[in-house]
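Coordinates as given in final-v1.cif (mmCIF, C-alpha atoms and all ligand atoms):
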data_target
loop_
_atom_site.label_atom_id
_atom_site.label_comp_id
_atom_site.auth_asym_id
_atom_site.auth_seq_id
_atom_site.Cartn_x
_atom_site.Cartn_y
_atom_site.Cartn_z
CA MET A 1 0.00 0.00 0.00
CA HIS A 2 1.34 3.43 -0.98
CA LYS A 3 0.39 6.29 1.31
CA ILE A 4 0.29 9.32 -0.97
CA ASP A 5 2.15 12.22 0.64
CA GLY A 6 0.16 15.32 -0.31
CA LYS A 7 2.60 17.64 1.44
CA LEU A 8 5.47 16.38 -0.67
CA VAL A 9 3.59 16.76 -3.97
CA ALA A 10 2.33 20.18 -2.84
CA GLU A 11 5.93 21.26 -2.18
CA LYS A 12 6.81 20.21 -5.72
CA VAL A 13 3.94 22.30 -7.13
CA LEU A 14 4.92 25.25 -4.94
CA SER A 15 8.53 25.06 -6.05
CA GLU A 16 7.35 25.16 -9.68
CA CYS A 17 5.25 28.22 -8.74
CA SER A 18 8.23 29.81 -7.04
CA ASP A 19 10.32 29.58 -10.23
CA GLN A 20 7.50 31.17 -12.22
CA ILE A 21 7.09 33.94 -9.63
CA THR A 22 10.80 34.71 -9.85
CA ALA A 23 10.49 34.99 -13.64
CA LEU A 24 7.43 37.26 -13.34
CA LYS A 25 9.13 39.49 -10.78
CA ALA A 26 12.10 39.88 -13.12
CA LYS A 27 9.58 41.46 -15.50
CA GLY A 28 8.26 43.73 -12.75
CA ILE A 29 5.09 41.68 -12.12
CA THR A 30 4.08 40.52 -8.64
CA PRO A 31 1.14 38.07 -8.65
CA GLY A 32 -1.61 39.23 -6.28
CA LEU A 33 -4.40 37.25 -4.59
CA ALA A 34 -7.33 38.69 -2.65
CA VAL A 35 -9.16 36.39 -0.25
CA VAL A 36 -12.54 37.54 1.04
CA LEU A 37 -13.98 36.04 4.21
CA ILE A 38 -17.50 36.95 5.29
CA GLY A 39 -18.35 36.06 8.89
CA GLU A 40 -16.66 34.07 11.59
CA ASP A 41 -16.83 30.40 10.53
CA PRO A 42 -13.84 28.90 12.39
CA ALA A 43 -12.87 26.37 9.69
CA SER A 44 -13.07 29.05 6.97
CA LYS A 45 -10.89 31.34 9.10
CA VAL A 46 -8.24 28.63 9.28
CA TYR A 47 -8.36 28.04 5.49
CA VAL A 48 -8.20 31.74 4.66
CA GLY A 49 -5.31 32.22 7.09
CA SER A 50 -3.29 29.41 5.53
CA LYS A 51 -3.97 30.69 2.00
CA ALA A 52 -2.66 34.15 2.95
CA ARG A 53 0.36 32.67 4.73
CA LYS A 54 1.29 30.53 1.74
CA CYS A 55 1.14 33.61 -0.50
CA GLU A 56 3.55 35.45 1.76
CA GLU A 57 5.96 32.49 1.83
CA LEU A 58 6.01 32.42 -1.97
CA GLY A 59 6.23 36.16 -2.55
CA ILE A 60 2.69 36.49 -3.88
CA TYR A 61 1.07 39.75 -2.81
CA SER A 62 -1.90 38.82 -0.65
CA ARG A 63 -4.81 40.87 0.59
CA LYS A 64 -7.13 39.40 3.18
CA ILE A 65 -10.52 41.10 3.40
CA GLU A 66 -12.52 40.11 6.46
CA MET A 67 -16.12 41.27 6.43
CA PRO A 68 -18.58 41.01 9.31
CA ALA A 69 -21.24 38.27 9.17
CA GLU A 70 -23.94 40.98 8.89
CA SER A 71 -22.45 42.39 5.66
CA THR A 72 -25.07 42.97 2.99
CA GLN A 73 -25.06 41.55 -0.51
CA GLU A 74 -24.37 45.04 -1.84
CA GLU A 75 -21.35 45.47 0.42
CA VAL A 76 -19.84 42.18 -0.73
CA MET A 77 -20.57 43.04 -4.38
CA ALA A 78 -18.85 46.42 -3.90
CA VAL A 79 -15.71 44.68 -2.57
CA VAL A 80 -15.70 42.27 -5.51
CA ASN A 81 -16.08 45.15 -7.98
CA GLU A 82 -13.22 47.02 -6.39
CA LEU A 83 -10.98 43.93 -6.65
CA ASN A 84 -12.07 43.34 -10.26
CA ASN A 85 -10.75 46.82 -11.06
CA ASP A 86 -7.53 46.61 -9.04
CA PRO A 87 -4.53 45.89 -11.29
CA ALA A 88 -2.46 44.63 -8.31
CA ILE A 89 -4.96 41.80 -7.80
CA HIS A 90 -4.84 38.92 -10.31
CA GLY A 91 -6.88 36.37 -8.37
CA ILE A 92 -10.05 36.78 -6.26
CA LEU A 93 -11.41 34.13 -3.93
CA VAL A 94 -14.53 34.51 -1.82
CA GLN A 95 -14.40 31.80 0.84
CA SER A 96 -17.32 29.39 0.71
CA PRO A 97 -19.77 29.03 2.36
CA PRO A 98 -20.80 32.65 3.08
CA PRO A 99 -23.51 33.43 5.67
CA ALA A 100 -26.99 32.18 4.65
CA HIS A 101 -28.39 35.60 3.67
CA ILE A 102 -25.69 36.07 1.02
CA ASP A 103 -26.47 34.97 -2.55
CA GLU A 104 -23.24 33.12 -3.28
CA GLU A 105 -24.04 32.44 -6.91
CA ALA A 106 -24.50 36.15 -7.61
CA ILE A 107 -21.15 36.88 -5.94
CA VAL A 108 -19.37 34.25 -8.02
CA ARG A 109 -20.94 35.62 -11.21
CA ALA A 110 -19.77 39.12 -10.28
CA ILE A 111 -16.10 38.06 -10.15
CA ASN A 112 -14.18 38.84 -13.34
CA PRO A 113 -13.76 35.33 -14.86
CA ALA A 114 -10.12 36.17 -15.65
CA LYS A 115 -9.56 36.63 -11.88
CA ASP A 116 -11.69 33.66 -10.77
CA VAL A 117 -8.84 31.47 -9.51
CA ASP A 118 -11.38 29.16 -7.82
CA GLY A 119 -12.78 28.24 -11.24
CA PHE A 120 -16.35 28.65 -9.97
CA HIS A 121 -17.58 31.29 -12.46
CA PRO A 122 -19.95 29.86 -15.14
CA GLU A 123 -17.47 30.89 -17.85
CA ASN A 124 -14.73 28.79 -16.23
CA VAL A 125 -17.14 25.91 -15.56
CA ALA A 126 -17.97 25.95 -19.28
CA LYS A 127 -14.30 26.09 -20.24
CA LEU A 128 -13.62 23.04 -18.07
CA ALA A 129 -16.44 21.15 -19.79
CA LEU A 130 -15.08 22.28 -23.16
CA GLU A 131 -11.50 21.43 -22.13
CA ASP A 132 -10.46 24.96 -23.02
CA PRO A 133 -7.10 25.54 -21.27
CA SER A 134 -7.70 29.30 -20.98
CA GLY A 135 -10.04 28.66 -18.00
CA TYR A 136 -9.25 27.98 -14.35
CA VAL A 137 -9.73 24.49 -12.96
CA PRO A 138 -11.10 24.32 -9.38
CA CYS A 139 -8.21 23.81 -6.98
CA THR A 140 -9.26 20.68 -5.09
CA PRO A 141 -10.05 18.47 -8.10
CA ALA A 142 -6.97 19.83 -9.90
CA GLY A 143 -4.96 18.80 -6.84
CA CYS A 144 -6.50 15.30 -6.86
CA MET A 145 -5.53 14.85 -10.52
CA ARG A 146 -1.98 15.92 -9.77
CA LEU A 147 -1.78 13.46 -6.85
CA LEU A 148 -2.92 10.59 -9.09
CA LYS A 149 -0.41 11.59 -11.74
CA ASP A 150 2.51 11.92 -9.35
CA ALA A 151 1.69 8.59 -7.69
CA GLY A 152 1.80 6.96 -11.13
CA ILE A 153 -1.84 5.83 -10.97
CA GLU A 154 -3.15 4.96 -14.44
CA THR A 155 -6.45 6.75 -14.96
CA SER A 156 -6.82 5.92 -18.65
CA GLY A 157 -9.43 3.21 -19.03
CA ALA A 158 -9.87 2.97 -15.25
CA GLU A 159 -13.26 2.75 -13.55
CA ALA A 160 -13.47 5.87 -11.41
CA VAL A 161 -16.24 6.53 -8.91
CA VAL A 162 -16.65 10.07 -7.62
CA ILE A 163 -18.79 10.19 -4.49
CA GLY A 164 -20.31 13.67 -4.23
CA ARG A 165 -21.66 16.04 -6.87
CA SER A 166 -20.73 19.48 -5.53
CA MET A 167 -19.71 22.33 -7.83
CA ILE A 168 -16.47 22.67 -5.82
CA VAL A 169 -15.30 19.06 -6.06
CA GLY A 170 -17.56 16.29 -7.40
CA LYS A 171 -18.67 17.75 -10.74
CA PRO A 172 -15.32 19.23 -11.83
CA MET A 173 -13.57 16.06 -10.64
CA ALA A 174 -15.82 13.95 -12.86
CA LEU A 175 -15.13 16.24 -15.84
CA LEU A 176 -11.36 16.04 -15.33
CA LEU A 177 -11.35 12.26 -14.97
CA MET A 178 -13.54 11.72 -18.03
CA GLY A 179 -11.71 14.29 -20.18
CA LYS A 180 -8.48 13.96 -22.05
CA ALA A 181 -6.48 14.50 -18.85
CA GLY A 182 -8.01 11.37 -17.31
CA ASN A 183 -9.62 9.16 -19.96
CA ALA A 184 -11.36 7.26 -17.16
CA THR A 185 -14.83 5.72 -17.17
CA VAL A 186 -16.57 7.84 -14.57
CA THR A 187 -19.55 7.23 -12.31
CA VAL A 188 -20.78 10.05 -10.11
CA ALA A 189 -22.49 8.74 -6.99
CA HIS A 190 -24.37 10.80 -4.41
CA SER A 191 -26.87 10.61 -1.57
CA ARG A 192 -29.63 9.18 -3.81
CA THR A 193 -27.46 6.54 -5.46
CA LYS A 194 -28.84 3.01 -5.08
CA ASP A 195 -26.45 0.33 -3.86
CA LEU A 196 -23.64 2.80 -3.32
CA ALA A 197 -21.40 0.11 -1.81
CA GLU A 198 -21.82 -2.03 -4.92
CA VAL A 199 -21.08 0.93 -7.21
CA CYS A 200 -17.92 1.75 -5.22
CA ARG A 201 -16.72 -1.85 -5.31
CA ARG A 202 -16.43 -1.58 -9.11
CA ALA A 203 -13.98 1.29 -8.80
CA ASP A 204 -10.28 1.22 -9.58
CA ILE A 205 -10.22 4.81 -8.31
CA ILE A 206 -12.53 6.26 -5.65
CA ILE A 207 -12.73 9.99 -5.02
CA ALA A 208 -14.55 10.54 -1.72
CA ALA A 209 -16.07 14.02 -1.51
CA ILE A 210 -19.27 13.69 0.50
CA GLY A 211 -18.38 15.50 3.69
CA LYS A 212 -19.37 12.65 6.01
CA PRO A 213 -16.74 11.41 8.47
CA GLU A 214 -15.39 7.91 7.68
CA PHE A 215 -18.26 7.22 5.29
CA VAL A 216 -16.28 4.93 2.95
CA THR A 217 -15.66 1.63 4.70
CA ALA A 218 -13.55 -1.40 3.77
CA ASP A 219 -16.52 -3.36 2.37
CA MET A 220 -17.00 -0.61 -0.27
CA VAL A 221 -13.47 -0.83 -1.66
CA LYS A 222 -12.06 -3.38 -4.11
CA ASP A 223 -8.65 -4.88 -3.40
CA GLY A 224 -5.95 -2.84 -5.15
CA ALA A 225 -8.10 0.29 -5.59
CA THR A 226 -6.75 3.81 -5.23
CA VAL A 227 -8.64 6.05 -2.81
CA ILE A 228 -8.44 9.85 -2.78
CA ASP A 229 -10.05 11.31 0.34
CA VAL A 230 -11.23 14.90 -0.09
CA GLY A 231 -13.08 15.07 3.24
CA ILE A 232 -11.99 17.29 6.10
CA ASN A 233 -14.41 16.66 8.98
CA ARG A 234 -14.09 17.88 12.53
CA VAL A 235 -15.14 15.22 15.02
CA GLU A 236 -15.09 15.56 18.78
CA ASP A 237 -12.02 14.18 20.50
CA ALA A 238 -11.63 14.92 24.19
CA SER A 239 -7.99 13.79 24.12
CA LYS A 240 -7.05 16.74 21.89
CA LYS A 241 -6.35 20.20 23.23
CA SER A 242 -8.65 21.70 20.59
CA GLY A 243 -11.40 19.24 21.57
CA TYR A 244 -11.63 17.88 18.02
CA LYS A 245 -9.68 15.91 15.47
CA LEU A 246 -9.78 15.94 11.68
CA VAL A 247 -10.95 12.85 9.83
CA GLY A 248 -11.62 12.27 6.17
CA ASP A 249 -14.60 10.78 4.35
CA VAL A 250 -12.78 7.43 4.39
CA ALA A 251 -12.35 5.07 7.34
CA TYR A 252 -8.59 5.14 6.75
CA ASP A 253 -7.41 2.40 9.12
CA GLU A 254 -9.66 -0.29 7.68
CA VAL A 255 -9.57 0.86 4.04
CA ALA A 256 -5.81 1.53 3.66
CA PRO A 257 -4.65 -2.13 3.83
CA LYS A 258 -6.81 -2.95 0.77
CA CYS A 259 -5.47 -0.12 -1.37
CA GLN A 260 -2.84 0.25 -4.03
CA ALA A 261 -2.59 3.87 -2.93
CA ILE A 262 -4.53 6.14 -0.56
CA THR A 263 -4.35 9.72 0.70
CA PRO A 264 -4.35 10.39 4.45
CA VAL A 265 -6.25 13.15 6.26
CA PRO A 266 -4.60 15.45 7.12
CA GLY A 267 -1.62 15.56 4.75
CA GLY A 268 -3.31 14.33 1.57
CA VAL A 269 -5.56 16.48 -0.57
CA GLY A 270 -5.57 19.48 1.83
CA PRO A 271 -2.09 20.82 1.06
CA MET A 272 -2.75 20.30 -2.66
CA THR A 273 -5.78 22.60 -2.68
CA ILE A 274 -3.65 25.51 -1.50
CA ALA A 275 -0.80 24.64 -3.87
CA MET A 276 -3.17 24.60 -6.86
CA LEU A 277 -4.61 27.94 -5.76
CA MET A 278 -1.10 29.38 -5.85
CA GLN A 279 -0.63 27.83 -9.30
CA ASN A 280 -3.89 29.38 -10.55
CA THR A 281 -2.85 32.76 -9.13
CA VAL A 282 0.48 32.61 -10.97
CA GLN A 283 -1.44 31.64 -14.13
CA ALA A 284 -3.75 34.64 -13.58
CA ALA A 285 -0.77 37.00 -13.34
CA LYS A 286 0.62 35.54 -16.57
CA PHE A 287 -2.73 35.89 -18.37
CA ALA A 288 -3.06 39.51 -17.21
CA ASN A 289 0.35 40.33 -18.64
CA GLY A 290 -0.04 38.57 -21.96
N1 LIG A 301 -14.49 26.33 0.67
C1 LIG A 301 -14.03 25.06 0.65
N2 LIG A 301 -13.20 24.88 -0.40
C2 LIG A 301 -13.15 26.06 -1.05
C3 LIG A 301 -12.45 26.50 -2.21
O1 LIG A 301 -11.72 25.77 -2.89
N3 LIG A 301 -12.65 27.80 -2.54
C4 LIG A 301 -13.46 28.63 -1.85
N4 LIG A 301 -13.61 29.88 -2.27
N5 LIG A 301 -14.12 28.25 -0.78
C5 LIG A 301 -13.95 26.97 -0.38
#
Go ahead and express the file in the form of structure tokens.
Amino acid sequence: MHKIDGKLVAEKVLSECSDQITALKAKGITPGLAVVLIGEDPASKVYVGSKARKCEELGIYSRKIEMPAESTQEEVMAVVNELNNDPAIHGILVQSPPPAHIDEEAIVRAINPAKDVDGFHPENVAKLALEDPSGYVPCTPAGCMRLLKDAGIETSGAEAVVIGRSMIVGKPMALLLMGKAGNATVTVAHSRTKDLAEVCRRADIIIAAIGKPEFVTADMVKDGATVIDVGINRVEDASKKSGYKLVGDVAYDEVAPKCQAITPVPGGVGPMTIAMLMQNTVQAAKFANG
């Protein structure tokens, strides 16, 4: 069984970014990323903090905009507009999920697609479906593809099962795996799927993105399968100082022995999401400067 080291692959991606940033800076261009956080969600705060920190480490200009939970739709739209028009900012990310009263779809549509480093804008979603390389690919599924590639997992002709159909992970993941980058035979399973365990047992590659702690159990996984665990779930753990621990969507201890390769949580997909965001931001700075 190969435990895929997401930190190691992320470092490789970041070192590639670093070279490209050096080249951009030699031309007088500093890539810039704005991260907008609305409200106080503790997990989102952690994610936004680590995104900003990674930018600073790499020499990407980063601007963190923290807005109160009571912010109005108009106030958020005004911030997005300002960032759209700011030449120092190449990438804009509004952390999801925003508070319930905010219309997230309208916010995403307001972001200039050329600065939409999340790849959530309809124009970028369409470009992904069209396999047009001028679009941005959402960071988490892009990171999963890179992990498979670096681990030497053959996706071409493989049976892949994506569990979860979100716009952030499941749908773009399925498009990447079925497209020319993956050439896999893809099944997208979700909460209404019948005989989910049976569907999963067919898979050479399982991408677990349901957001339910330790949902994928050993009986759902074929011997020799590769399992990519996208889940980051907080579960109570009195033995930890924080009072919680992080577990994935896969019951790692029982599933891992059956696998050809598997990602742990933490240290699997998580670091890749940030690395791919940095990569998209560098790409955005390149696009903006021809
Ligand atoms: N929330 C969880 N993952 C993501 C992501 O990739 N981008 C944004 N904007 N919000 C998220």
Within 10 Å of A:Val282, counting all atoms listed in the file, which residues qualify if same-chain residues fewer than 5 places away don't, as a PyMOL selection string? chain A and resi 17-18+20-21+24+30-33+60+90-91+117+276-277+287-288
So which residues touch stretch 92-108 of chain A within 6 Å, counting all atoms listed in the file, skipping near sequence neighbours fewer than 3 positions away, as a JSON list (two decimals) with C-alpha atoms, keeping the file's coordinate frame?
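Result saved to out-v5.json:
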[["chain", "number", "residue", "atom", "x", "y", "z"],
["A", 33, "LEU", "CA", -4.40, 37.25, -4.59],
["A", 34, "ALA", "CA", -7.33, 38.69, -2.65],
["A", 35, "VAL", "CA", -9.16, 36.39, -0.25],
["A", 36, "VAL", "CA", -12.54, 37.54, 1.04],
["A", 37, "LEU", "CA", -13.98, 36.04, 4.21],
["A", 38, "ILE", "CA", -17.50, 36.95, 5.29],
["A", 73, "GLN", "CA", -25.06, 41.55, -0.51],
["A", 111, "ILE", "CA", -16.10, 38.06, -10.15],
["A", 115, "LYS", "CA", -9.56, 36.63, -11.88],
["A", 116, "ASP", "CA", -11.69, 33.66, -10.77],
["A", 121, "HIS", "CA", -17.58, 31.29, -12.46]]
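The spacing separating atom CA of A:Cys139 from atom CA of A:Thr263 amounts to 16.5 Å.
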Could you tell me how far atom CA of A:Asp132 sits from atom CA of A:Ala26, in Å to one decimal place? 28.8 Å
Among listed residues A:Leu58, A:Asn112, A:Lys240, A:Pro257, nearest A:Met77 (using only C-alpha atoms):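 Using only C-alpha atoms, the shortest distance to A:Met77 belongs to A:Asn112.
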Taking all atoms of ligand LIG 301 (chain A) that the file lists and extending 3 Å past them on each side, where is the centre of the axis-aligned box and how long are its edges? Answer in Å to one decimal, as JSON.
{"center_x": -13.1, "center_y": 27.4, "center_z": -1.1, "size_x": 8.8, "size_y": 11.0, "size_z": 9.6}
Give me the residues within 12 Å of A:Ser15 as a ChimeraX atom specification, counting all atoms listed in the file and dropping any in the same chain fewer than 3 places off. /A:8-12,18-22,54,57-59,275-276,278-279
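Picture a line from atom CA of A:Ala126 to atom CA of A:Arg165; it runs 16.3 Å.
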10 Å contact set for stretch 232-239 of chain A, all atoms listed in the file, chain neighbours under 3 positions out, as a ChimeraX atom specification: /A:43,209-214,229,242-249,265-266,269-270
From A:Glu66, A:Ile274, A:Leu130, A:Glu154, residue lying nearest A:Lys51 [only C-alpha atoms]: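 Ranking A:Glu66, A:Ile274, A:Leu130, A:Glu154 by distance to A:Lys51, first place goes to A:Ile274.
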Because some atoms of stretch 159-181 of chain A are absent here, can you restore N, CA and C atoms and send them as a compact mmCIF listing (two decimals), in the coordinates of the input?
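Final file, part_28.txt:
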# COMPACT_ATOMS: atom_id res chain seq x y z
N GLU A 159 -11.92 2.46 -14.08
CA GLU A 159 -13.26 2.75 -13.55
C GLU A 159 -13.08 3.69 -12.37
N ALA A 160 -13.59 4.90 -12.50
CA ALA A 160 -13.47 5.87 -11.41
C ALA A 160 -14.86 6.15 -10.84
N VAL A 161 -14.98 6.16 -9.54
CA VAL A 161 -16.24 6.53 -8.91
C VAL A 161 -16.00 7.77 -8.06
N VAL A 162 -16.72 8.83 -8.39
CA VAL A 162 -16.65 10.07 -7.62
C VAL A 162 -17.88 10.07 -6.71
N ILE A 163 -17.65 10.15 -5.41
CA ILE A 163 -18.79 10.19 -4.49
C ILE A 163 -18.96 11.64 -4.06
N GLY A 164 -20.06 12.25 -4.48
CA GLY A 164 -20.31 13.67 -4.23
C GLY A 164 -20.45 14.40 -5.55
N ARG A 165 -21.38 15.34 -5.60
CA ARG A 165 -21.66 16.04 -6.87
C ARG A 165 -21.62 17.56 -6.70
N SER A 166 -20.79 18.03 -5.77
CA SER A 166 -20.73 19.48 -5.53
C SER A 166 -20.07 20.19 -6.70
N MET A 167 -20.35 21.50 -6.79
CA MET A 167 -19.71 22.33 -7.83
C MET A 167 -18.24 22.54 -7.50
N ILE A 168 -17.87 22.42 -6.22
CA ILE A 168 -16.47 22.67 -5.82
C ILE A 168 -15.60 21.46 -6.10
N VAL A 169 -16.14 20.26 -5.88
CA VAL A 169 -15.30 19.06 -6.06
C VAL A 169 -15.91 18.03 -7.02
N GLY A 170 -17.06 17.47 -6.68
CA GLY A 170 -17.56 16.29 -7.40
C GLY A 170 -17.70 16.50 -8.90
N LYS A 171 -18.43 17.56 -9.31
CA LYS A 171 -18.67 17.75 -10.74
C LYS A 171 -17.39 18.04 -11.52
N PRO A 172 -16.57 19.02 -11.07
CA PRO A 172 -15.32 19.23 -11.83
C PRO A 172 -14.40 18.02 -11.81
N MET A 173 -14.40 17.28 -10.72
CA MET A 173 -13.57 16.06 -10.64
C MET A 173 -13.98 15.07 -11.72
N ALA A 174 -15.31 14.89 -11.85
CA ALA A 174 -15.82 13.95 -12.86
C ALA A 174 -15.42 14.41 -14.26
N LEU A 175 -15.50 15.72 -14.52
CA LEU A 175 -15.13 16.24 -15.84
C LEU A 175 -13.65 16.00 -16.13
N LEU A 176 -12.81 16.24 -15.13
CA LEU A 176 -11.36 16.04 -15.33
C LEU A 176 -11.04 14.58 -15.60
N LEU A 177 -11.65 13.69 -14.82
CA LEU A 177 -11.35 12.26 -14.97
C LEU A 177 -11.84 11.73 -16.31
N MET A 178 -12.99 12.25 -16.77
CA MET A 178 -13.54 11.72 -18.03
C MET A 178 -12.90 12.39 -19.26
N GLY A 179 -12.30 13.55 -19.06
CA GLY A 179 -11.71 14.29 -20.18
C GLY A 179 -10.37 13.71 -20.60
N LYS A 180 -9.74 14.46 -21.48
CA LYS A 180 -8.48 13.96 -22.05
C LYS A 180 -7.38 13.83 -21.00
N ALA A 181 -7.48 14.60 -19.91
CA ALA A 181 -6.48 14.50 -18.85
C ALA A 181 -6.59 13.17 -18.10
